[in-house]
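Down below is the structure, laid out as structure tokens.
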Amino acid sequence: MFELYFKSITFVFYKIISMKKHFFLLVVLVSQLVCAQSTITTKDLSFIDNQPRKKVVYQVFTRLFGNTNSTNKPWGTLAENGVGKFNDFTDKALTEIKNLGVTHVWYTGVPHHALVTDYTKYGISNDDPEVVKGRAGSPYAVKDYYNVNPDLAVDPAHRLQEFEELITRTHKNGLKLIIDIVPNHIARKYEGKSNPAGVKDFGADDNTTVEYDRNNNFYYLPNQSFKVPVATNYEPLGGEKNPMIDNYFDENPAKWTGNGSRLAQPNSGDWYETVKINYGIRPDGSKDFDELPAAYYNKSIAEHYQFWKNKSVPNSWNKFKDIALYWVDKGVDGFRFDMAEMVPYEFWSYLNSAIKMKNPDAFLLAEVYNPKEYRNYIYYGKMDYLYDKVELYDKLKDIVKGKSSTDGISTIQNGLADIEHHMLHFLDNHDEQRLASAEFAGNGENGKPLMVVSTTISSAPTMVYFGQEVGEAGNENAGFGQPTRTSIFDYIGVPNHQRWMNNGKFDGGQLTPKEKELRDFYKRLLNFSLTSSALMGNFMELHSIQPKSNGYNEKLYSFARWDAKERLIVVSNFSKDNAATIELIVPTELIQLWNLKDGNYPVRDVLYSSKNELKVAKGLGTIQIKLQPNESFIFKILN
């Protein structure tokens with residue numbers, strides 16, 4: 001796979017240019033060869049004609065997507081509340097997902113994980129509700145990595161075949177697919193009943209008399225037995241009687257819990273349903289494996305692969321490599337790696353280079369929340385994309401909640417300039433509060449300016465969570481899962497999405513007019529992002545140069561995106577209540593980079609085709625704009 005661009009080099013020219021314009025031609029020459037001023041990020045654009053445009057990931061919670069049941073009883077059983085199946089992703093459903101402007105579907109919750117529904121007649125043991133979250137179970141407590149969730153199959157005996165058919169159907173409809181791999185932890189009761197020949201279960205060869213051994217798959221608490229955590233604020237299964245709810249789970253010796261707790265009786269707030277995997281990190285935090293030399297920061301996938309080829313690595317590394325390659329061989333196009341920063345980046349170098357040697361186009365997305373580690377996981381760990389959660393997502397959420405102005409957006413974007421392509425943007429996912437929930441934007445309309453900025457500010461992929469495009473607010477009390485988030489632990493329906501699904505017609509037939517309009521907005525925005533070459537090009541923030549005397553305020557944000565083929569100006573109004581009439585300034589520096597002479601230039605909004613005009617006089621550009629509350633324009637310069 002191509003390294004998409006060199007690290008950007010930033011020069012502090014902005015003030016020099018504004019004060020001493022005779023330096024401008026020199027600056028332009030330098031900017032075209034290397035980089036532009038501090039507010040611009042540039043990269044090698046040669047890949048544009050050889051690579052896809054922006055990618056758009058559509059995350060679906062697989063067991064919820066096709067569920068038409070609207071009972072929504074807290075702690076409801078599968079029979080009471082219903083469950084979606086692989087077969088619900090029909091050709092029609094997949095066509096509509098693709099037409100929304102999607103390139104990749106992330107099927108969340110596919111690997112077989114611990115759950116309470118009885119599947120013993122299929123040779124699957126029951127799970128103890130005291131170490132399962134909810135009734136449907138957490139998708140991040142995987143019980144068998146070589147098979148899939150029986151809930152998702154019409155015939156659980158043939159569940160793997162039904163998923164393989166979904167892989168084929170997804171590809172047939174022009175989409176690629178991603179599934180989860182959760183390297184940091186597995187279910188407390190892991191049972192690999194589908195292991196390929198020669199593959200042993202996790203822990204099968206562990207020395208359980210010691211806390212740590214390099215080739216143990218788990219960490220142990222010798223001479224201590226696991227104790228069920230004392231539940232607070234809930235009862236397993238909502239208080240329902242169950243013979244397995246007896247304050248006992250057989251685990252001796254006790255293992256470390258998934259989030260790193262070393263207590264034999266973890267707290268109810270710990271990831272008590274999981275156990276932590278040992279990657280050769282000693283209990284004191286030191287590494288018990290070869291470390292990557294500093295030079296490998298800039299080395300290729302092939303060089304990383306060669307580095308590990310003949311080296312001894314901890315047993316867990318090989319187990320997860322085999323798991324990932326098993327799914328690659330079945331046609332899975334990539335992975336979302338859960339809590340990747342809890343696993344050393346040397347392991348990611350080992351795993352990801354092996355994946356990429358088999359499929360150079362594999363889409364590798366990591367959940368990482370520590371900005372200080374971003375570059376290590378990208379350059380050493382060879383991740384394609386990381387969550388841009390703690391910077392852009394959190395900033396946009398604060399803005400829409402009235403806790404912050406738009407002023408810091410540019411600081412975030414410029415601070416990530418060298419890795420901006422790798423920072424996947426989202427406003428909604430299974431872990432977070434729904435964008436339209438009362439605790440976030442309040443409704444789908446208020447989320448529109450956030451979505452425009454999130455989608456267009458960088459060349460990184462955009463991610464949308466199913467139901468986001470029709471304003472799903474996650475209001476249901478599902479049981480273990482609480483309102484504002486669509487529960488990942490319970491059998492539940494997703495009301496707005498169900499109205500779009502329209503009993504399997506997937507035509508939006510039950511949507512309200514506002515929901516239809518919102519989905520149309522997403523469709524316009526996402527499809528434009530797939531075709532725009534400018535969104536893979538340069539960035540200049542315009543926000544900081546706008547004088548307040550022109551009507552510009554802290555609820556507005558503006559920037560430019562461009563390449564040799566396309567020039568865009570994006571302006572968004574984050575106010576939920578107030579319109580804004582402004583004269584947007586397009587600075588001399590940008591006008592000269594765009595080679596525009598004095599005169600009037602027609603511009604067109606790519607979302608709804610409204611027309612406007614960019615006026616250039618004495619080298620300075622202006623556009624007269626009126627923005628309604630929550631409105632955005634993506635103006636394209638037409639000549």
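A note on labels: chains of the structure tokens are A, B, ... as shown, every chain counts residues from 1, and ligands are counted from 1 in their shown order.
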Original post:
Residues of segment 147-300 of chain A in alpha helix (DSSP H) according to DSSP, as number ranges by chain?
Top reply: A: 159-172
Please produce a file of those selected residues containing N, CA, C and O atoms, as a compact mmCIF listing (two decimals), in the first residue's frame.
```txt
# COMPACT_ATOMS: atom_id res chain seq x y z
N ARG A 159 -23.93 -21.06 11.00
CA ARG A 159 -23.73 -19.62 11.18
C ARG A 159 -22.51 -19.11 10.41
O ARG A 159 -22.55 -18.01 9.85
N LEU A 160 -21.44 -19.88 10.38
CA LEU A 160 -20.26 -19.43 9.66
C LEU A 160 -20.54 -19.35 8.17
O LEU A 160 -20.12 -18.40 7.49
N GLN A 161 -21.27 -20.31 7.65
CA GLN A 161 -21.63 -20.28 6.23
C GLN A 161 -22.49 -19.06 5.91
O GLN A 161 -22.30 -18.42 4.88
N GLU A 162 -23.42 -18.71 6.80
CA GLU A 162 -24.27 -17.54 6.57
C GLU A 162 -23.44 -16.26 6.55
O GLU A 162 -23.73 -15.33 5.78
N PHE A 163 -22.40 -16.19 7.39
CA PHE A 163 -21.54 -15.01 7.34
C PHE A 163 -20.71 -15.00 6.07
O PHE A 163 -20.50 -13.94 5.46
N GLU A 164 -20.21 -16.15 5.66
CA GLU A 164 -19.45 -16.22 4.40
C GLU A 164 -20.32 -15.76 3.23
O GLU A 164 -19.83 -15.07 2.31
N GLU A 165 -21.59 -16.08 3.26
CA GLU A 165 -22.51 -15.62 2.22
C GLU A 165 -22.69 -14.11 2.28
O GLU A 165 -22.82 -13.44 1.24
N LEU A 166 -22.67 -13.55 3.50
CA LEU A 166 -22.75 -12.08 3.63
C LEU A 166 -21.49 -11.42 3.08
O LEU A 166 -21.57 -10.35 2.46
N ILE A 167 -20.33 -12.03 3.30
CA ILE A 167 -19.10 -11.49 2.72
C ILE A 167 -19.25 -11.41 1.20
O ILE A 167 -18.96 -10.36 0.58
N THR A 168 -19.71 -12.49 0.60
CA THR A 168 -19.89 -12.52 -0.86
C THR A 168 -20.90 -11.47 -1.30
O THR A 168 -20.68 -10.76 -2.29
N ARG A 169 -21.99 -11.36 -0.57
CA ARG A 169 -23.06 -10.41 -0.94
C ARG A 169 -22.56 -8.97 -0.80
O ARG A 169 -22.89 -8.10 -1.62
N THR A 170 -21.79 -8.70 0.23
CA THR A 170 -21.24 -7.35 0.43
C THR A 170 -20.34 -6.97 -0.73
O THR A 170 -20.45 -5.87 -1.30
N HIS A 171 -19.45 -7.86 -1.11
CA HIS A 171 -18.55 -7.60 -2.24
C HIS A 171 -19.32 -7.44 -3.54
O HIS A 171 -19.00 -6.57 -4.37
N LYS A 172 -20.33 -8.26 -3.73
CA LYS A 172 -21.12 -8.20 -4.96
C LYS A 172 -21.78 -6.83 -5.13
O LYS A 172 -21.97 -6.35 -6.25
```
Residue neighbourhood Lys133 of chain A, 9 Å, only C-alpha atoms, exclusion window fewer than 4 positions, as a CSV table (one decimal) with N, CA, C and O atoms, in the first residue's frame:
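File produced: part.csv:
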```
chain,number,residue,atom,x,y,z
A,114,ALA,N,-19.6,-14.1,24.3
A,114,ALA,CA,-20.4,-14.6,25.4
A,114,ALA,C,-21.8,-14.0,25.4
A,114,ALA,O,-21.9,-12.7,25.3
A,115,LEU,N,-22.8,-14.8,25.6
A,115,LEU,CA,-24.2,-14.3,25.7
A,115,LEU,C,-25.0,-15.3,26.5
A,115,LEU,O,-24.5,-16.4,26.9
A,129,PRO,N,-24.4,-15.7,33.6
A,129,PRO,CA,-24.9,-14.3,33.5
A,129,PRO,C,-24.1,-13.3,34.4
A,129,PRO,O,-24.1,-12.1,34.2
A,137,GLY,N,-25.0,-9.8,25.6
A,137,GLY,CA,-23.5,-9.9,25.8
A,137,GLY,C,-22.7,-8.8,25.1
A,137,GLY,O,-23.2,-8.3,24.0
A,138,SER,N,-21.6,-8.5,25.6
A,138,SER,CA,-20.7,-7.6,25.0
A,138,SER,C,-20.0,-8.2,23.8
A,138,SER,O,-19.4,-9.3,23.9
A,236,PRO,N,-27.8,-9.0,37.7
A,236,PRO,CA,-27.7,-9.8,36.4
A,236,PRO,C,-29.1,-10.1,35.9
A,236,PRO,O,-29.9,-10.6,36.7
A,237,LEU,N,-29.3,-10.0,34.6
A,237,LEU,CA,-30.6,-10.3,34.0
A,237,LEU,C,-31.7,-9.4,34.6
A,237,LEU,O,-32.9,-9.8,34.5
A,272,TYR,N,-15.0,-7.0,33.9
A,272,TYR,CA,-15.0,-8.2,34.6
A,272,TYR,C,-15.4,-9.4,33.7
A,272,TYR,O,-15.2,-10.6,34.1
A,273,GLU,N,-16.1,-9.2,32.6
A,273,GLU,CA,-16.5,-10.3,31.7
A,273,GLU,C,-15.4,-10.8,30.9
A,273,GLU,O,-15.5,-11.7,30.1
A,480,PHE,N,-29.1,-3.4,30.7
A,480,PHE,CA,-27.7,-3.1,31.1
A,480,PHE,C,-27.3,-1.8,30.4
A,480,PHE,O,-26.6,-1.0,31.0
A,481,GLY,N,-27.6,-1.7,29.1
A,481,GLY,CA,-27.3,-0.5,28.4
A,481,GLY,C,-28.3,0.6,28.7
A,481,GLY,O,-29.5,0.4,28.9
A,489,PHE,N,-25.3,-4.3,24.6
A,489,PHE,CA,-25.3,-5.4,25.6
A,489,PHE,C,-26.7,-6.1,25.6
A,489,PHE,O,-26.8,-7.2,26.2
A,490,ASP,N,-27.7,-5.6,24.9
A,490,ASP,CA,-29.1,-6.0,25.1
A,490,ASP,C,-29.7,-6.3,23.7
A,490,ASP,O,-29.3,-5.8,22.7
```
Check which residues of segment 230-321 of chain A sit at most 10 Å from segment 367-391 of chain A using only C-alpha atoms, and return one row each with the closest pair of atoms and their distance in Å to one decimal, ordered by chain and rising number, as CSV.
```
residue,atom,partner,partner_atom,distance
A:Leu292,CA,A:Tyr380,CA,7.6
A:Pro293,CA,A:Tyr380,CA,9.5
A:Ala294,CA,A:Tyr380,CA,8.8
A:Ala295,CA,A:Tyr380,CA,9.5
A:Tyr296,CA,A:Tyr380,CA,6.5
A:Tyr297,CA,A:Tyr379,CA,5.0
A:Asn298,CA,A:Tyr379,CA,6.4
A:Lys299,CA,A:Tyr379,CA,8.2
A:Ser300,CA,A:Lys382,CA,8.7
A:Ile301,CA,A:Lys382,CA,7.2
A:His304,CA,A:Tyr380,CA,8.6
```
Take the residues from that selection and write them out as a compact mmCIF listing (two decimals), in the first residue's frame, keeping all heavy atoms.
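Contents of the output file out_5.txt:
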```txt
# COMPACT_ATOMS: atom_id res chain seq x y z
N LEU A 292 11.52 -2.61 18.18
CA LEU A 292 11.84 -2.08 16.86
C LEU A 292 12.92 -1.02 16.95
O LEU A 292 12.80 -0.08 17.76
CB LEU A 292 10.60 -1.47 16.22
CG LEU A 292 9.55 -2.44 15.69
CD1 LEU A 292 8.25 -1.68 15.40
CD2 LEU A 292 10.04 -3.12 14.42
N PRO A 293 13.96 -1.09 16.15
CA PRO A 293 14.94 0.01 16.09
C PRO A 293 14.26 1.31 15.63
O PRO A 293 13.27 1.27 14.90
CB PRO A 293 15.96 -0.47 15.06
CG PRO A 293 15.79 -1.96 15.02
CD PRO A 293 14.34 -2.22 15.29
N ALA A 294 14.81 2.43 16.04
CA ALA A 294 14.21 3.72 15.70
C ALA A 294 14.06 3.91 14.21
O ALA A 294 13.10 4.55 13.75
CB ALA A 294 15.06 4.84 16.29
N ALA A 295 14.94 3.34 13.42
CA ALA A 295 14.89 3.51 11.96
C ALA A 295 13.62 2.94 11.35
O ALA A 295 13.22 3.33 10.25
CB ALA A 295 16.11 2.85 11.32
N TYR A 296 12.93 2.05 12.07
CA TYR A 296 11.73 1.42 11.51
C TYR A 296 10.51 2.35 11.55
O TYR A 296 9.45 2.01 11.03
CB TYR A 296 11.44 0.10 12.22
CG TYR A 296 12.26 -1.02 11.62
CD1 TYR A 296 13.61 -1.15 11.91
CD2 TYR A 296 11.72 -1.91 10.71
CE1 TYR A 296 14.40 -2.13 11.34
CE2 TYR A 296 12.47 -2.90 10.11
CZ TYR A 296 13.81 -3.01 10.44
OH TYR A 296 14.57 -3.99 9.85
N TYR A 297 10.68 3.51 12.14
CA TYR A 297 9.62 4.52 12.13
C TYR A 297 9.19 4.85 10.70
O TYR A 297 8.02 5.09 10.42
CB TYR A 297 10.15 5.77 12.82
CG TYR A 297 9.13 6.84 13.14
CD1 TYR A 297 8.35 6.76 14.29
CD2 TYR A 297 8.99 7.97 12.33
CE1 TYR A 297 7.44 7.75 14.61
CE2 TYR A 297 8.08 8.96 12.64
CZ TYR A 297 7.31 8.86 13.78
OH TYR A 297 6.40 9.85 14.09
N ASN A 298 10.16 4.85 9.77
CA ASN A 298 9.87 5.23 8.38
C ASN A 298 10.01 4.07 7.40
O ASN A 298 10.01 4.29 6.19
CB ASN A 298 10.81 6.37 7.96
CG ASN A 298 10.49 7.67 8.65
OD1 ASN A 298 9.33 8.06 8.72
ND2 ASN A 298 11.50 8.34 9.19
N LYS A 299 10.13 2.86 7.90
CA LYS A 299 10.34 1.74 6.98
C LYS A 299 9.01 1.17 6.49
O LYS A 299 7.95 1.39 7.06
CB LYS A 299 11.19 0.65 7.65
CG LYS A 299 12.66 1.07 7.79
CD LYS A 299 13.53 -0.09 8.21
CE LYS A 299 15.00 0.34 8.36
NZ LYS A 299 15.60 0.68 7.06
N SER A 300 9.09 0.43 5.40
CA SER A 300 7.91 -0.07 4.71
C SER A 300 7.31 -1.28 5.42
O SER A 300 7.92 -1.88 6.30
CB SER A 300 8.29 -0.47 3.29
OG SER A 300 9.14 -1.62 3.32
N ILE A 301 6.11 -1.62 4.97
CA ILE A 301 5.44 -2.83 5.45
C ILE A 301 6.34 -4.04 5.24
O ILE A 301 6.51 -4.88 6.14
CB ILE A 301 4.10 -3.02 4.72
CG1 ILE A 301 3.07 -1.99 5.19
CG2 ILE A 301 3.57 -4.44 4.89
CD1 ILE A 301 2.53 -2.22 6.57
N HIS A 304 9.12 -4.18 7.72
CA HIS A 304 8.63 -4.60 9.04
C HIS A 304 8.39 -6.11 9.06
O HIS A 304 8.72 -6.79 10.04
CB HIS A 304 7.34 -3.86 9.39
CG HIS A 304 7.57 -2.51 9.97
ND1 HIS A 304 7.26 -2.19 11.27
CD2 HIS A 304 8.09 -1.37 9.44
CE1 HIS A 304 7.57 -0.93 11.52
NE2 HIS A 304 8.08 -0.41 10.41
```
Original post:
With distances taken over only C-alpha atoms, which of A:Lys618, A:Lys626, A:Arg53, A:Lys636 is nearest to Val570 of chain A?
Top reply: A:Lys636
**OP:** Determine the nearest neighbour of Ile591 of chain A from the options A:Leu620, A:Ile625, A:Val230, A:Ile245, counting only C-alpha atoms.
**Re:**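 Checking each candidate against Ile591 of chain A, we get A:Leu620 as the closest.
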Subject >> Atom-to-atom span, atom CA of Gly415 of chain A and atom CA of Asn352 of chain A, Å >> reply: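 Here the two named atoms are 26.1 Å from each other.
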**OP:** Run DSSP on the backbone and give me the residues of segment 207-386 of chain A it puts in strand (DSSP E), as a list in words.
**Re:**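 Filtering segment 207-386 of chain A to strand (DSSP E) leaves Tyr220, Leu221, Ala254, Lys255, Thr274, Val275, Lys276, Gly334, Phe335, Arg336, Phe337, Phe363, Leu364, Leu365, Ala366, Tyr385 and Leu386 of chain A.
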Store the residues of this selection in a file with N, CA and C atoms, as a short mmCIF file (atom, residue, chain, number, x, y, z; two decimals), in the first residue's frame.
```cif
data_model
loop_
_atom_site.label_atom_id
_atom_site.label_comp_id
_atom_site.auth_asym_id
_atom_site.auth_seq_id
_atom_site.Cartn_x
_atom_site.Cartn_y
_atom_site.Cartn_z
N TYR A 220 -1.82 -14.53 35.76
CA TYR A 220 -2.52 -15.29 36.80
C TYR A 220 -2.28 -14.70 38.19
N LEU A 221 -3.21 -15.03 39.09
CA LEU A 221 -3.07 -14.73 40.51
C LEU A 221 -2.97 -16.07 41.23
N ALA A 254 -7.32 -17.36 39.60
CA ALA A 254 -7.93 -16.19 38.96
C ALA A 254 -6.96 -15.56 37.97
N LYS A 255 -7.52 -14.96 36.95
CA LYS A 255 -6.73 -14.27 35.93
C LYS A 255 -6.91 -12.76 36.07
N THR A 274 -14.19 -10.15 30.99
CA THR A 274 -13.06 -10.50 30.13
C THR A 274 -11.80 -10.74 30.95
N VAL A 275 -10.83 -11.40 30.30
CA VAL A 275 -9.50 -11.58 30.90
C VAL A 275 -8.46 -10.99 29.95
N LYS A 276 -7.41 -10.45 30.53
CA LYS A 276 -6.39 -9.75 29.75
C LYS A 276 -5.43 -10.74 29.10
N GLY A 334 -10.65 -5.98 6.20
CA GLY A 334 -9.94 -5.18 7.19
C GLY A 334 -10.52 -5.38 8.57
N PHE A 335 -9.91 -4.68 9.53
CA PHE A 335 -10.28 -4.88 10.92
C PHE A 335 -10.33 -3.56 11.66
N ARG A 336 -11.22 -3.52 12.64
CA ARG A 336 -11.19 -2.46 13.64
C ARG A 336 -10.66 -3.11 14.91
N PHE A 337 -9.52 -2.61 15.39
CA PHE A 337 -8.84 -3.21 16.53
C PHE A 337 -9.25 -2.50 17.81
N PHE A 363 -7.87 -2.62 5.29
CA PHE A 363 -8.23 -1.40 6.01
C PHE A 363 -8.05 -1.67 7.50
N LEU A 364 -7.07 -1.01 8.13
CA LEU A 364 -6.71 -1.30 9.51
C LEU A 364 -6.96 -0.07 10.37
N LEU A 365 -7.97 -0.16 11.22
CA LEU A 365 -8.43 0.95 12.05
C LEU A 365 -8.25 0.60 13.52
N ALA A 366 -7.65 1.52 14.28
CA ALA A 366 -7.35 1.25 15.68
C ALA A 366 -8.04 2.23 16.60
N TYR A 385 -5.37 3.84 10.17
CA TYR A 385 -6.22 4.90 10.72
C TYR A 385 -6.40 4.71 12.22
N LEU A 386 -6.51 5.85 12.91
CA LEU A 386 -6.81 5.88 14.33
C LEU A 386 -8.06 6.74 14.55
#
```
Original post:
With distances taken over only C-alpha atoms, which of A:Trp75, A:Phe440, A:Phe426, A:Phe86 is nearest to Val464 of chain A?
Top reply: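 Looking only at the distances to Val464 of chain A, the closest residue turns out to be A:Phe426.
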**OP:** Check the smallest atom-to-atom distance from each of A:Asn173, A:Asn215, A:Ser225, A:Ser572 to Val452 of chain A using only C-alpha atoms, then report the winner.
**Re:** A:Ser572
**OP:** Identify which of the residues A:Gly551, A:Gly402, A:Gly479, A:Pro314 lies closest to Tyr491 of chain A, counting only C-alpha atoms when measuring atom-to-atom distances.
**Re:**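 Nearest to Tyr491 of chain A: A:Gly479.
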**OP:** Would you mind telling me which residue in A:Met451, A:Ile623, A:Ile634, A:Leu427 lies nearest to Leu535 of chain A when using only C-alpha atoms?
**Re:**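 Distance minimum relative to Leu535 of chain A lands on A:Ile634.
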